[in-house]
Amino acid sequence: MSIKGFDNETQPLNEYEEKTLLPLILEGLKTKLGRDNAVTNRTIVMRLNIAGYKTDGPRIRKIINHIRTADLLPGLIATSAGYFLATSEAELLDYEESLIGREDAIKQVRLAIARQRRILYGDAHKPGDNKPEIF
C-alpha cells in the first residue's frame, strides 16, 4: 500500500528488495538481540551501500515494515538507539504503548486538518464521520 504524498517511499517491495536486500537485512537483524546491540537505519544503509548494494533510508524503513507486518522476525522494535529484537514482553509492551501514542498523535493532527479545512472551505468535502455539528 502506498501512502499519498509518500508514493516512492511506500511502494511495495520490488524484486531486488525482496530477493536481495530482505534476506541480508533479516540475517543482520537476527544478531541484534537487545537494545545494546541495536543498529540504526543509517548504519544499515551505509553498510549495504559499502558492500555494493543500493538502497536508502526510506526503503530500509519499508523493508523493516514488511518484516514486522509479515511476522518474519518477531519482536523487532525500534527506539532512538535503532532496531533490535526485544528481550522481554515488557519491552514489547512499552513499544506497543509508544506506537499507540504515535497513532493518537497522528489522529489528532488529521482531525485538526479536517476541522481547519471545514473552517477554510466550508463543508463541501466534509469527512463521512456523520457526527453532528454543534453550530
# chains A, B, ... in the order shown; residues from 1 in each chain; ligands from 1
>>> select_by_dssp(residues="chain A", states="helix (DSSP H, G or I)", output="PyMOL selection string")
chain A and resi 15-29+35-37+41-50+57-69+89-121
>>> residues_around(residues="Gly82 of chain A", least_positions_apart="3", cutoff="6 Å", atoms="only C-alpha atoms", output="list in words")
Ala38, Val39, Thr40, Ala78 and Thr79 of chain A
>>> residues_around(residues="segment 25-30 of chain A", least_positions_apart="6", cutoff="10 Å", atoms="only C-alpha atoms", output="ChimeraX atom specification")
/A:17,37-39,44,48,60,63-64,67,72-74,76,83-85
>>> atom_distance(atom1="atom CA of Arg110 of chain A", atom2="atom CA of Glu91 of chain A")
28.7 Å
>>> residues_around(residues="Leu92 of chain A", least_positions_apart="5", cutoff="8 Å", atoms="only C-alpha atoms", output="number ranges by chain")
A: 75, 77, 86
>>> write_last_selection(atoms="N, CA and C atoms", output="PDB file, in the first residue's frame")
ATOM      1  N   GLY A  75       9.270  -9.632  17.365  1.00  0.00           N
ATOM      2  CA  GLY A  75       9.916  -8.869  18.423  1.00  0.00           C
ATOM      3  C   GLY A  75      10.834  -7.768  17.934  1.00  0.00           C
ATOM      4  N   ILE A  77      11.786  -4.310  17.222  1.00  0.00           N
ATOM      5  CA  ILE A  77      11.306  -2.991  17.610  1.00  0.00           C
ATOM      6  C   ILE A  77      12.363  -1.952  17.289  1.00  0.00           C
ATOM      7  N   ALA A  86      13.497  -7.403  20.808  1.00  0.00           N
ATOM      8  CA  ALA A  86      13.142  -7.277  22.219  1.00  0.00           C
ATOM      9  C   ALA A  86      13.553  -8.533  22.969  1.00  0.00           C
TER      10      ALA A  86
END
>>> select_by_dssp(residues="segment 74-118 of chain A", states="strand (DSSP E or B)", output="list in words")
Leu76, Ile77, Ala78, Thr79, Gly82, Tyr83, Phe84 and Leu85 of chain A
>>> write_last_selection(atoms="N, CA and C atoms", output="mmCIF file, in the first residue's frame")
data_model
loop_
_atom_site.group_PDB
_atom_site.id
_atom_site.type_symbol
_atom_site.label_atom_id
_atom_site.label_comp_id
_atom_site.auth_asym_id
_atom_site.auth_seq_id
_atom_site.Cartn_x
_atom_site.Cartn_y
_atom_site.Cartn_z
ATOM 1 N N LEU A 76 10.837 -7.492 16.638
ATOM 2 C CA LEU A 76 11.697 -6.442 16.097
ATOM 3 C C LEU A 76 11.083 -5.081 16.425
ATOM 4 N N ILE A 77 11.786 -4.310 17.222
ATOM 5 C CA ILE A 77 11.306 -2.991 17.610
ATOM 6 C C ILE A 77 12.363 -1.952 17.289
ATOM 7 N N ALA A 78 11.994 -0.698 17.482
ATOM 8 C CA ALA A 78 12.925 0.393 17.211
ATOM 9 C C ALA A 78 12.787 1.448 18.291
ATOM 10 N N THR A 79 13.911 1.999 18.654
ATOM 11 C CA THR A 79 13.956 3.143 19.554
ATOM 12 C C THR A 79 14.943 4.129 18.955
ATOM 13 N N GLY A 82 17.999 2.523 17.663
ATOM 14 C CA GLY A 82 17.985 1.763 16.430
ATOM 15 C C GLY A 82 17.042 0.571 16.515
ATOM 16 N N TYR A 83 17.204 -0.337 15.578
ATOM 17 C CA TYR A 83 16.395 -1.551 15.510
ATOM 18 C C TYR A 83 17.060 -2.653 16.317
ATOM 19 N N PHE A 84 16.227 -3.412 17.040
ATOM 20 C CA PHE A 84 16.745 -4.564 17.771
ATOM 21 C C PHE A 84 15.606 -5.491 18.124
ATOM 22 N N LEU A 85 15.962 -6.709 18.525
ATOM 23 C CA LEU A 85 14.978 -7.694 18.957
ATOM 24 C C LEU A 85 14.750 -7.549 20.449
#
>>> closest_residue(among="A:Thr20, A:Ala51, A:Arg35, A:Pro12", to="Ser88 of chain A", atoms="only C-alpha atoms")
A:Arg35
>>> residues_around(residues="Lys54 of chain A", least_positions_apart="5", cutoff="10 Å", atoms="only C-alpha atoms", output="CSV table (one decimal) with C-alpha atoms, in the first residue's frame")
chain,number,residue,atom,x,y,z
A,16,TYR,CA,15.5,-6.5,-5.8
A,17,GLU,CA,14.4,-5.5,-2.3
A,21,LEU,CA,18.1,-6.9,0.4
A,45,VAL,CA,22.1,1.8,4.6
A,46,MET,CA,25.8,2.7,4.9
A,48,LEU,CA,24.8,-2.2,2.4
A,49,ASN,CA,26.0,0.6,0.2
>>> atom_distance(atom1="atom CA of Asp94 of chain A", atom2="atom CA of Ala81 of chain A")
14.7 Å
